[in-house]
>>> print(open('data16.txt').read())   # compact mmCIF, C-alpha atoms and all ligand atoms
# COMPACT_ATOMS: atom_id res chain seq x y z
CA MET A 255 -41.27 48.23 102.76
CA LYS A 256 -38.96 48.26 99.74
CA LYS A 257 -41.95 47.93 97.39
CA GLN A 258 -43.74 50.77 99.12
CA LEU A 259 -40.68 52.97 98.84
CA LEU A 260 -40.33 52.16 95.15
CA ALA A 261 -44.00 52.94 94.51
CA LEU A 262 -43.58 56.24 96.32
CA CYS A 263 -40.54 57.10 94.28
CA ILE A 264 -42.29 56.30 90.99
CA ALA A 265 -45.40 58.24 92.04
CA SER A 266 -43.38 61.28 92.99
CA THR A 267 -41.43 61.24 89.71
CA ILE A 268 -44.62 61.03 87.71
CA SER A 269 -46.57 63.64 89.56
CA MET A 270 -43.76 66.12 90.08
CA PRO A 271 -43.80 68.83 87.41
CA ALA A 272 -40.48 69.32 85.62
CA LEU A 273 -38.56 71.95 87.51
CA ALA A 274 -38.50 75.04 85.29
CA ASP A 275 -35.00 75.89 84.17
CA GLN A 276 -34.88 79.68 84.02
CA SER A 277 -31.95 79.89 81.63
CA VAL A 278 -31.56 80.26 77.89
CA GLU A 279 -28.63 79.43 75.70
CA VAL A 280 -28.79 81.89 72.82
CA LEU A 281 -26.96 81.17 69.58
CA HIS A 282 -26.50 84.19 67.33
CA TRP A 283 -24.02 85.91 65.00
CA TRP A 284 -24.25 89.41 66.38
CA THR A 285 -20.63 90.05 67.24
CA ALA A 286 -20.02 93.54 65.77
CA GLY A 287 -20.10 96.38 68.30
CA SER A 288 -23.55 97.72 67.44
CA GLU A 289 -25.02 94.23 67.11
CA ALA A 290 -23.75 93.10 70.50
CA ALA A 291 -25.03 96.32 72.06
CA ALA A 292 -28.47 95.77 70.55
CA LEU A 293 -28.62 92.19 71.76
CA ASN A 294 -27.60 93.34 75.20
CA VAL A 295 -30.96 95.12 75.48
CA LEU A 296 -32.71 91.74 75.24
CA LYS A 297 -30.31 90.12 77.65
CA THR A 298 -30.88 92.85 80.24
CA ASN A 299 -34.67 92.65 79.86
CA LEU A 300 -34.62 88.90 80.37
CA GLU A 301 -32.26 89.07 83.30
CA LYS A 302 -34.75 91.44 84.97
CA GLN A 303 -37.24 88.57 84.69
CA GLY A 304 -34.81 86.20 86.39
CA ILE A 305 -33.67 84.46 83.21
CA THR A 306 -29.99 83.56 82.97
CA TRP A 307 -28.49 84.25 79.53
CA ASN A 308 -25.84 81.84 78.27
CA ASP A 309 -24.29 83.52 75.27
CA MET A 310 -23.29 81.42 72.24
CA PRO A 311 -21.97 83.84 69.60
CA VAL A 312 -20.80 82.41 66.29
CA ALA A 313 -18.96 85.17 64.40
CA GLY A 314 -19.49 85.54 60.66
CA GLY A 315 -21.71 88.00 58.80
CA SER A 316 -25.11 86.85 57.58
CA GLY A 317 -24.98 83.84 59.88
CA GLU A 318 -23.47 81.29 57.53
CA ALA A 319 -21.09 79.98 60.19
CA ALA A 320 -23.86 80.14 62.79
CA MET A 321 -26.10 77.96 60.65
CA THR A 322 -23.33 75.37 60.33
CA THR A 323 -22.97 75.29 64.12
CA VAL A 324 -26.73 74.91 64.55
CA ARG A 325 -26.72 71.92 62.21
CA THR A 326 -23.91 70.24 64.15
CA ARG A 327 -25.65 70.88 67.47
CA VAL A 328 -29.01 69.53 66.30
CA ILE A 329 -27.46 66.45 64.72
CA SER A 330 -25.60 65.68 67.94
CA GLY A 331 -28.87 65.94 69.87
CA ASN A 332 -27.95 69.10 71.72
CA PRO A 333 -29.69 72.08 70.11
CA PRO A 334 -29.44 75.52 71.75
CA THR A 335 -32.54 76.90 73.50
CA ALA A 336 -32.97 79.91 71.25
CA VAL A 337 -31.38 80.64 67.88
CA GLN A 338 -31.20 83.75 65.70
CA MET A 339 -32.39 82.66 62.28
CA GLN A 340 -33.92 84.06 59.14
CA GLY A 341 -36.03 83.28 56.10
CA PHE A 342 -35.75 79.88 54.49
CA ASP A 343 -33.46 78.57 57.23
CA ILE A 344 -36.47 78.80 59.55
CA THR A 345 -38.64 77.04 56.99
CA ASN A 346 -36.09 74.24 56.67
CA TRP A 347 -35.83 73.61 60.41
CA ALA A 348 -39.60 73.86 60.84
CA ASN A 349 -39.96 71.15 58.19
CA GLU A 350 -37.68 68.94 60.28
CA GLY A 351 -40.17 69.18 63.15
CA VAL A 352 -37.56 70.32 65.69
CA LEU A 353 -38.86 73.81 66.42
CA ALA A 354 -41.07 74.56 69.42
CA ASP A 355 -44.55 75.91 68.83
CA ILE A 356 -44.88 79.41 70.32
CA ASN A 357 -48.44 79.89 69.13
CA ASP A 358 -49.99 80.63 72.53
CA ILE A 359 -47.54 83.50 73.13
CA ALA A 360 -48.21 84.79 69.61
CA THR A 361 -51.97 84.63 70.11
CA ALA A 362 -51.78 86.38 73.47
CA GLY A 363 -49.60 89.08 71.90
CA ASN A 364 -51.79 89.48 68.82
CA TRP A 365 -48.83 88.86 66.49
CA ASP A 366 -51.15 87.98 63.60
CA THR A 367 -52.32 91.57 63.46
CA VAL A 368 -49.06 93.44 64.05
CA VAL A 369 -46.36 91.51 62.16
CA PRO A 370 -46.03 92.35 58.43
CA THR A 371 -47.53 89.54 56.32
CA ALA A 372 -44.38 88.89 54.29
CA ILE A 373 -42.50 88.13 57.51
CA GLN A 374 -45.27 85.94 58.93
CA ALA A 375 -44.73 83.62 55.96
CA PHE A 376 -41.36 82.70 57.50
CA SER A 377 -42.44 82.91 61.17
CA LYS A 378 -45.20 80.34 60.80
CA HIS A 379 -45.27 76.67 59.93
CA ASP A 380 -48.53 74.86 59.24
CA GLY A 381 -50.37 77.93 60.48
CA LYS A 382 -48.54 77.93 63.84
CA TRP A 383 -45.96 80.48 65.01
CA VAL A 384 -42.48 78.97 65.35
CA ALA A 385 -40.39 82.17 65.29
CA ALA A 386 -40.47 85.58 66.94
CA PRO A 387 -39.36 88.36 64.57
CA VAL A 388 -37.08 90.97 66.04
CA ASN A 389 -36.56 93.39 63.16
CA VAL A 390 -36.73 94.18 59.46
CA HIS A 391 -33.55 95.06 57.58
CA SER A 392 -33.13 95.93 53.93
CA THR A 393 -30.08 95.52 51.76
CA ASN A 394 -30.52 98.02 48.90
CA TRP A 395 -28.88 100.90 50.77
CA VAL A 396 -25.85 103.06 50.15
CA TRP A 397 -24.07 104.49 53.22
CA ALA A 398 -22.07 107.56 52.26
CA ASN A 399 -19.55 109.75 54.02
CA LYS A 400 -20.68 113.35 53.59
CA ALA A 401 -17.22 114.92 53.99
CA VAL A 402 -15.69 112.59 51.38
CA MET A 403 -18.52 113.38 48.97
CA ASP A 404 -17.90 117.09 49.51
CA LYS A 405 -14.17 116.72 48.95
CA ALA A 406 -14.84 114.78 45.75
CA GLY A 407 -17.18 117.53 44.54
CA ILE A 408 -20.34 115.39 44.63
CA THR A 409 -23.10 117.82 45.39
CA GLU A 410 -26.14 115.64 44.78
CA VAL A 411 -27.19 112.17 45.75
CA PRO A 412 -26.90 110.02 42.59
CA GLU A 413 -30.31 109.03 41.25
CA THR A 414 -29.38 106.61 38.48
CA TRP A 415 -26.84 103.83 38.09
CA ASP A 416 -24.74 105.87 35.68
CA ASP A 417 -24.75 108.82 38.08
CA PHE A 418 -23.60 106.51 40.84
CA ILE A 419 -20.69 105.20 38.80
CA LYS A 420 -19.72 108.76 37.79
CA ALA A 421 -19.82 109.86 41.44
CA ALA A 422 -17.68 106.86 42.42
CA GLU A 423 -15.13 107.74 39.77
CA LYS A 424 -14.97 111.29 41.10
CA VAL A 425 -14.25 109.85 44.54
CA GLN A 426 -11.38 107.80 43.13
CA ALA A 427 -10.02 110.83 41.29
CA ALA A 428 -10.03 112.73 44.59
CA GLY A 429 -7.81 110.03 46.11
CA PHE A 430 -10.34 108.10 48.21
CA ILE A 431 -11.64 104.55 47.98
CA ALA A 432 -14.99 104.66 46.18
CA LEU A 433 -16.60 101.52 47.53
CA ALA A 434 -15.78 100.00 50.93
CA HIS A 435 -16.40 96.31 50.54
CA GLY A 436 -15.41 93.02 52.06
CA GLY A 437 -14.80 90.14 49.66
CA GLN A 438 -16.89 87.47 51.34
CA PRO A 439 -19.52 85.55 49.36
CA TRP A 440 -22.48 86.89 51.36
CA GLN A 441 -21.23 90.47 50.98
CA ASP A 442 -20.76 90.04 47.22
CA ALA A 443 -24.30 88.66 47.13
CA THR A 444 -25.56 91.62 49.14
CA LEU A 445 -24.27 93.89 46.36
CA PHE A 446 -25.98 91.57 43.90
CA ASP A 447 -29.41 92.04 45.60
CA GLY A 448 -29.35 95.75 44.85
CA VAL A 449 -27.67 95.53 41.46
CA ALA A 450 -30.22 92.96 40.24
CA LEU A 451 -33.11 95.13 41.40
CA SER A 452 -31.57 98.29 39.99
CA THR A 453 -30.87 96.71 36.62
CA GLY A 454 -34.01 94.68 36.00
CA GLY A 455 -36.64 96.20 38.27
CA VAL A 456 -39.14 94.51 40.57
CA GLU A 457 -40.74 92.05 38.13
CA TYR A 458 -37.38 90.90 36.76
CA TYR A 459 -36.01 90.35 40.29
CA ARG A 460 -39.06 88.40 41.37
CA LYS A 461 -39.22 86.22 38.26
CA ALA A 462 -35.50 85.49 38.17
CA PHE A 463 -34.50 85.16 41.81
CA VAL A 464 -37.68 84.23 43.67
CA GLU A 465 -39.62 82.26 41.07
CA LEU A 466 -36.41 81.02 39.41
CA ASP A 467 -37.81 81.37 35.91
CA GLN A 468 -35.17 79.96 33.57
CA ASP A 469 -35.86 82.31 30.65
CA THR A 470 -35.61 85.36 32.87
CA LEU A 471 -32.44 84.06 34.50
CA LYS A 472 -30.84 83.49 31.11
CA SER A 473 -31.96 86.86 29.73
CA ALA A 474 -29.78 89.74 28.58
CA THR A 475 -30.82 91.57 31.76
CA THR A 476 -28.89 89.06 33.88
CA GLU A 477 -25.84 89.67 31.73
CA GLU A 478 -26.26 93.39 32.35
CA VAL A 479 -26.47 92.68 36.09
CA PHE A 480 -23.11 90.92 35.96
CA LYS A 481 -21.66 93.73 33.84
CA ARG A 482 -22.61 96.13 36.58
CA MET A 483 -21.18 93.85 39.26
CA ALA A 484 -17.90 94.02 37.33
CA GLN A 485 -18.16 97.82 37.37
CA LEU A 486 -18.44 97.71 41.16
CA ARG A 487 -15.38 95.48 41.28
CA GLN A 488 -13.40 98.40 39.82
CA LEU A 489 -14.46 100.59 42.74
CA VAL A 490 -13.06 98.54 45.63
CA ASP A 491 -9.55 98.75 47.04
CA LYS A 492 -6.93 96.05 46.58
CA ASP A 493 -7.23 94.74 50.15
CA PHE A 494 -10.94 93.97 50.01
CA SER A 495 -10.64 90.20 50.08
CA GLY A 496 -12.03 88.58 53.25
CA ARG A 497 -12.66 91.90 55.02
CA ASP A 498 -15.56 91.88 57.51
CA TRP A 499 -18.55 94.10 56.75
CA ASN A 500 -18.11 96.22 59.88
CA VAL A 501 -14.48 96.92 58.99
CA ALA A 502 -15.75 98.15 55.61
CA SER A 503 -18.30 100.35 57.42
CA GLY A 504 -15.41 101.70 59.48
CA MET A 505 -13.66 102.80 56.28
CA VAL A 506 -16.64 105.00 55.39
CA ILE A 507 -16.98 106.24 58.96
CA ASN A 508 -13.27 107.17 59.05
CA GLU A 509 -13.27 109.04 55.72
CA GLN A 510 -11.18 106.48 53.87
CA ALA A 511 -14.01 105.56 51.54
CA ALA A 512 -17.10 107.29 50.20
CA PHE A 513 -19.69 104.53 49.92
CA GLN A 514 -20.70 101.15 51.26
CA ILE A 515 -23.55 99.17 49.71
CA MET A 516 -24.85 97.16 52.65
CA GLY A 517 -27.91 96.34 54.71
CA ASP A 518 -28.89 98.81 57.41
CA TRP A 519 -27.00 96.88 60.08
CA ALA A 520 -24.17 99.10 58.74
CA LYS A 521 -26.04 102.09 60.11
CA GLY A 522 -25.73 100.57 63.57
CA GLU A 523 -21.97 101.02 63.29
CA PHE A 524 -22.29 104.66 62.18
CA ILE A 525 -24.65 105.42 65.07
CA SER A 526 -22.47 103.67 67.65
CA ALA A 527 -19.51 105.74 66.36
CA GLY A 528 -21.55 108.84 67.21
CA LYS A 529 -22.22 109.79 63.59
CA VAL A 530 -25.38 111.67 62.68
CA PRO A 531 -27.51 110.88 59.60
CA ASN A 532 -27.81 113.67 57.03
CA GLN A 533 -24.94 115.45 58.72
CA ASP A 534 -21.95 113.09 58.90
CA PHE A 535 -23.35 110.41 56.65
CA LEU A 536 -26.11 109.94 54.11
CA CYS A 537 -28.34 106.94 53.55
CA PHE A 538 -29.95 106.50 50.18
CA ARG A 539 -31.38 103.63 48.19
CA LEU A 540 -29.01 102.13 45.64
CA PRO A 541 -29.72 104.23 42.54
CA GLY A 542 -32.39 102.56 40.42
CA THR A 543 -34.01 100.76 43.35
CA GLN A 544 -36.03 103.65 44.77
CA GLY A 545 -39.58 102.54 45.62
CA ALA A 546 -38.66 98.90 46.21
CA ILE A 547 -36.98 96.98 48.99
CA THR A 548 -34.86 93.85 49.22
CA TYR A 549 -35.58 92.89 52.81
CA ASN A 550 -34.57 90.38 55.44
CA ALA A 551 -35.87 89.90 58.96
CA ASP A 552 -34.03 88.39 61.90
CA GLN A 553 -36.12 86.09 64.04
CA PHE A 554 -35.59 83.85 67.06
CA VAL A 555 -36.65 80.22 66.96
CA MET A 556 -36.89 77.97 70.00
CA PHE A 557 -35.70 74.41 69.61
CA LYS A 558 -37.53 71.59 71.40
CA VAL A 559 -35.09 71.10 74.26
CA GLY A 560 -37.32 69.69 76.99
CA ASP A 561 -40.34 70.73 79.06
CA GLU A 562 -38.22 72.32 81.76
CA PHE A 563 -37.11 75.04 79.31
CA VAL A 564 -40.54 75.90 77.90
CA ASP A 565 -41.30 78.60 80.44
CA ALA A 566 -38.03 80.46 79.78
CA GLN A 567 -38.50 80.04 76.03
CA LYS A 568 -41.96 81.57 76.23
CA LYS A 569 -40.64 84.50 78.23
CA PHE A 570 -37.90 84.91 75.62
CA ALA A 571 -40.38 84.93 72.71
CA ALA A 572 -42.65 87.42 74.46
CA ALA A 573 -39.69 89.68 75.28
CA VAL A 574 -38.60 89.73 71.60
CA MET A 575 -41.96 91.06 70.49
CA ASP A 576 -42.41 93.55 73.31
CA PRO A 577 -43.03 96.97 71.66
CA SER A 578 -40.68 98.99 73.85
CA PHE A 579 -37.96 96.39 73.38
CA GLN A 580 -38.40 96.57 69.61
CA ILE A 581 -37.87 100.34 69.76
CA ALA A 582 -34.81 100.15 72.01
CA PHE A 583 -33.23 97.27 70.06
CA ASN A 584 -33.81 98.56 66.54
CA LYS A 585 -32.53 102.06 67.32
CA VAL A 586 -29.17 100.50 68.11
CA LYS A 587 -29.24 97.72 65.50
CA GLY A 588 -29.99 99.92 62.47
CA SER A 589 -33.10 97.97 61.50
CA VAL A 590 -36.76 98.84 62.00
CA PRO A 591 -39.34 97.06 64.16
CA ALA A 592 -41.04 93.90 62.95
CA ARG A 593 -44.33 95.41 64.14
CA THR A 594 -46.52 97.76 62.15
CA ASP A 595 -47.97 99.46 65.25
CA ILE A 596 -44.86 101.38 66.32
CA SER A 597 -44.41 105.11 65.82
CA ASP A 598 -41.25 106.34 64.10
CA SER A 599 -40.90 109.30 66.47
CA GLU A 600 -37.95 107.90 68.43
CA PHE A 601 -36.02 106.81 65.33
CA ASP A 602 -33.33 108.61 63.32
CA ASP A 603 -33.87 109.97 59.79
CA CYS A 604 -32.60 106.85 58.02
CA ALA A 605 -34.87 104.59 60.07
CA LYS A 606 -37.80 106.93 59.44
CA LYS A 607 -37.16 106.55 55.72
CA ALA A 608 -36.81 102.77 56.13
CA MET A 609 -40.15 102.56 57.94
CA LYS A 610 -41.89 104.67 55.30
CA ASP A 611 -40.28 102.66 52.46
CA LEU A 612 -41.41 99.42 54.09
CA VAL A 613 -45.05 100.50 54.31
CA GLU A 614 -44.97 101.71 50.70
CA ALA A 615 -43.28 98.59 49.38
CA ASN A 616 -45.78 96.45 51.22
CA THR A 617 -48.69 98.37 49.71
CA ASN A 618 -47.24 98.47 46.19
CA ASN A 619 -46.09 94.85 46.13
CA THR A 620 -42.47 95.91 45.73
CA LEU A 621 -41.22 94.15 48.84
CA LEU A 622 -38.73 91.50 47.73
CA GLY A 623 -36.88 88.92 49.78
CA SER A 624 -33.09 89.39 49.85
CA ILE A 625 -31.22 86.75 47.84
CA ALA A 626 -28.14 87.20 50.01
CA HIS A 627 -29.98 86.86 53.32
CA ALA A 628 -32.09 83.74 52.77
CA HIS A 629 -35.37 85.45 51.95
CA ALA A 630 -35.60 84.73 48.23
CA VAL A 631 -34.61 81.08 47.82
CA PRO A 632 -33.81 78.07 50.06
CA PRO A 633 -30.24 77.79 51.43
CA SER A 634 -29.05 75.20 48.90
CA ILE A 635 -29.85 77.45 45.93
CA LYS A 636 -28.68 80.52 47.82
CA ASN A 637 -25.27 78.93 48.33
CA ALA A 638 -25.06 77.89 44.68
CA PHE A 639 -25.84 81.51 43.70
CA PHE A 640 -23.16 82.79 46.11
CA ASP A 641 -20.59 80.60 44.44
CA VAL A 642 -21.30 82.02 40.98
CA ILE A 643 -21.56 85.63 42.17
CA THR A 644 -18.25 85.46 44.04
CA ARG A 645 -16.30 83.73 41.29
CA HIS A 646 -17.58 86.33 38.85
CA PHE A 647 -16.77 89.20 41.23
CA ASN A 648 -13.23 87.88 41.56
CA GLY A 649 -12.82 87.73 37.81
CA GLN A 650 -12.72 83.93 37.59
CA ILE A 651 -15.64 83.73 35.15
CA ASP A 652 -16.94 86.24 32.61
CA ASP A 653 -20.43 87.77 32.44
CA LYS A 654 -21.84 85.24 29.96
CA THR A 655 -20.57 82.23 31.91
CA ALA A 656 -21.97 83.72 35.10
CA VAL A 657 -25.41 83.99 33.48
CA GLU A 658 -25.33 80.34 32.41
CA GLU A 659 -24.11 79.20 35.82
CA MET A 660 -26.79 81.21 37.68
CA ALA A 661 -29.46 79.52 35.58
CA MET A 662 -27.92 76.15 36.36
CA ALA A 663 -27.63 76.97 40.07
CA ALA A 664 -31.35 77.72 40.16
CA GLN A 665 -32.06 74.18 39.09
C1 LIG A 701 -27.75 89.74 58.36
C2 LIG A 701 -28.59 89.92 59.59
C3 LIG A 701 -28.23 91.19 60.26
C4 LIG A 701 -26.73 91.35 60.43
C5 LIG A 701 -25.96 90.97 59.18
C6 LIG A 701 -24.46 90.96 59.34
O1 LIG A 701 -28.03 88.51 57.76
O2 LIG A 701 -29.93 89.97 59.22
O3 LIG A 701 -28.88 91.27 61.49
O4 LIG A 701 -26.32 90.61 61.49
O5 LIG A 701 -26.37 89.74 58.69
O6 LIG A 701 -24.04 89.87 60.07
>>> encode(input="data16.txt", output="structure tokens")
Amino acid sequence: MKKQLLALCIASTISMPALADQSVEVLHWWTAGSEAAALNVLKTNLEKQGITWNDMPVAGGSGEAAMTTVRTRVISGNPPTAVQMQGFDITNWANEGVLADINDIATAGNWDTVVPTAIQAFSKHDGKWVAAPVNVHSTNWVWANKAVMDKAGITEVPETWDDFIKAAEKVQAAGFIALAHGGQPWQDATLFDGVALSTGGVEYYRKAFVELDQDTLKSATTEEVFKRMAQLRQLVDKDFSGRDWNVASGMVINEQAAFQIMGDWAKGEFISAGKVPNQDFLCFRLPGTQGAITYNADQFVMFKVGDEFVDAQKKFAAAVMDPSFQIAFNKVKGSVPARTDISDSEFDDCAKKAMKDLVEANTNNTLLGSIAHAHAVPPSIKNAFFDVITRHFNGQIDDKTAVEEMAMAAQ
């Protein structure tokens, strides 16, 4: 009797399919107002499908703190179900063999055809999809308050670096802050993306910061890049240290400052404050970078957390790539869709420009991965670059030393 019961128990455990757990724990760093609102679109869509959303926000721009939390969770054997991730961080985790394969969802959704090739390079591992891209951002933008520009007597959008500096000086003379900035390493590095591209052009940027060519890194152009970074340092206010990026956006929105050099997540804050592009604020490429893009794309990876979660993870991945979701999300987030088959008709003027720029950059081979946002080099080198850029920005090392240290960091 006992034996029979035991056999029955074993048989039922073996044959019983794992009960699907219709919940997802989502780790992300979208804690600013516009970011949380954008993510809420995904949450609502999934909840309509009966998926429970367990939110795991880790505050900190560019996801540095979030990536530390992910590492701790994975090492302790308790990874989250779904994680916001980008660029080389995805590559690193894929190499560890801990990411779930979402290839069947990607095949069913035809992702191979609709996702820009540059992004696919990070979404796939060994030819299989391991990440669902949610957007494309770019970092070489200037966000400008129109009223402050008017008050400072700036009548035209600056086209060259020198024009930009002159305009910024006019802003200071008129009693406003020229550049709203937060002194955090990733924000300093976000300035560096644009300054490097503006100073050296596409081939210089690629050779120095993607291919890590020592001669190019040590060249006079890199010294010029740091010289320009020091010029920007003169344009920020005295309280810039440690300030969050969205607080800096708020300074432009509230007419305290004229410009912010930041990725287009900043636009999300302008839009959620009810500001209108080309009326209240302007968006233009950092002077000298027109025609090229330093991009980054947010994606969601699914960690291998057990068979019972696979169904919910697949629904999550499919929801991320749903065309109408990508429109709704990116309108709020400030980014543009990670699909090439979406019309720009519902988007604002800045997003229309971003979509056009992306197509052009893709065609002309001027699409460059952002150094600051993990799309140019692996995290270890990225962090070593951050260290040099920030110490230079804070005046701890001079231009020449910064050049030498960047070359060393690349090694
Ligand atoms: C970027 C990310 C954006 C935005 C920004 C500020 O790395 O791609 O979506 O969140 O950081 O945190």
>>> axis_aligned_box(input="data16.txt", around="region 587-592 of chain A", padding_each_side="6 Å", output="JSON")
{"center_x": -35.1, "center_y": 96.9, "center_z": 63.5, "size_x": 23.8, "size_y": 18.0, "size_z": 16.0}
>>> atom_distance(input="data16.txt", atom1="CA of Ala608 (chain A)", atom2="atom C2 of ligand LIG 701 (chain A)")
15.6 Å
>>> residues_around(input="data16.txt", residues="Ala484 (chain A)", least_positions_apart="6", cutoff="9 Å", atoms="all atoms listed in the file", output="list in words")
His646, Phe647, Asn648, Gly649 and Asp653 of chain A
>>> residues_near_ligand(input="data16.txt", ligand="ligand LIG 701 (chain A)", cutoff="10 Å", atoms="only C-alpha atoms and all ligand atoms", output="ChimeraX atom specification")
/A:282-286,288-290,313-318,338-341,388-393,440-441,444,498-500,516-520,522,549-553,587-589,624,626-629
>>> atom_distance(input="data16.txt", atom1="CA of Asn332 (chain A)", atom2="CA of Ala291 (chain A)")
27.4 Å
>>> residues_around(input="data16.txt", residues="region 571-586 of chain A", least_positions_apart="2", cutoff="8 Å", atoms="only C-alpha atoms", output="PyMOL selection string")
chain A and resi 288-289+291-293+295-296+299-300+356+359-360+363+385-389+522+525-526+554+567-569+588-593+596+600-602
>>> atom_distance(input="data16.txt", atom1="CA of Gly542 (chain A)", atom2="CA of Thr475 (chain A)")
14.1 Å
>>> closest_residue(input="data16.txt", among="A:Val642, A:Leu433, A:Ala372, A:Val530", to="Ala630 (chain A)", atoms="only C-alpha atoms")
A:Ala372
>>> closest_residue(input="data16.txt", among="A:Thr476, A:Asn637, A:Gln514, A:Gln426", to="Ala663 (chain A)", atoms="only C-alpha atoms")
A:Asn637
>>> closest_residue(input="data16.txt", among="A:Ile547, A:Met556, A:Val464, A:Ala443", to="Asp641 (chain A)", atoms="all atoms listed in the file")
A:Ala443
>>> closest_residue(input="data16.txt", among="A:Ile305, A:Gly623, A:Ala319, A:Leu489", to="Phe418 (chain A)", atoms="all atoms listed in the file")
A:Leu489
>>> closest_residue(input="data16.txt", among="A:Arg645, A:Lys492, A:Lys654, A:Lys606", to="Leu471 (chain A)", atoms="all atoms listed in the file")
A:Lys654
>>> residues_around(input="data16.txt", residues="Glu423 (chain A)", least_positions_apart="6", cutoff="12 Å", atoms="all atoms listed in the file", output="CSV table (one decimal) with C-alpha atoms, in the coordinates of the input")
chain,number,residue,atom,x,y,z
A,403,MET,CA,-18.5,113.4,49.0
A,406,ALA,CA,-14.8,114.8,45.8
A,407,GLY,CA,-17.2,117.5,44.5
A,408,ILE,CA,-20.3,115.4,44.6
A,416,ASP,CA,-24.7,105.9,35.7
A,417,ASP,CA,-24.8,108.8,38.1
A,429,GLY,CA,-7.8,110.0,46.1
A,430,PHE,CA,-10.3,108.1,48.2
A,431,ILE,CA,-11.6,104.6,48.0
A,432,ALA,CA,-15.0,104.7,46.2
A,433,LEU,CA,-16.6,101.5,47.5
A,485,GLN,CA,-18.2,97.8,37.4
A,486,LEU,CA,-18.4,97.7,41.2
A,488,GLN,CA,-13.4,98.4,39.8
A,489,LEU,CA,-14.5,100.6,42.7
A,490,VAL,CA,-13.1,98.5,45.6
A,512,ALA,CA,-17.1,107.3,50.2
A,513,PHE,CA,-19.7,104.5,49.9
>>> closest_residue(input="data16.txt", among="A:Leu451, A:Met660, A:Val631, A:Ala398", to="Gln544 (chain A)", atoms="all atoms listed in the file")
A:Leu451
>>> residues_around(input="data16.txt", residues="Asp561 (chain A)", least_positions_apart="3", cutoff="12 Å", atoms="all atoms listed in the file", output="JSON, numbers by chain")
{"A": [271, 272, 273, 274, 275, 276, 335, 354, 557, 558, 564, 565, 566, 567, 568]}
>>> residues_near_point(input="data16.txt", point="(-44.1, 79.8, 56.7)", cutoff="10 Å", atoms="only C-alpha atoms", output="list in words")
Gly341, Phe342, Ile344, Thr345, Asn346, Ala348, Asn349, Ala372, Ile373, Gln374, Ala375, Phe376, Ser377, Lys378, His379, Asp380, Gly381, Lys382, Trp383, Val384 and Ala385 of chain A
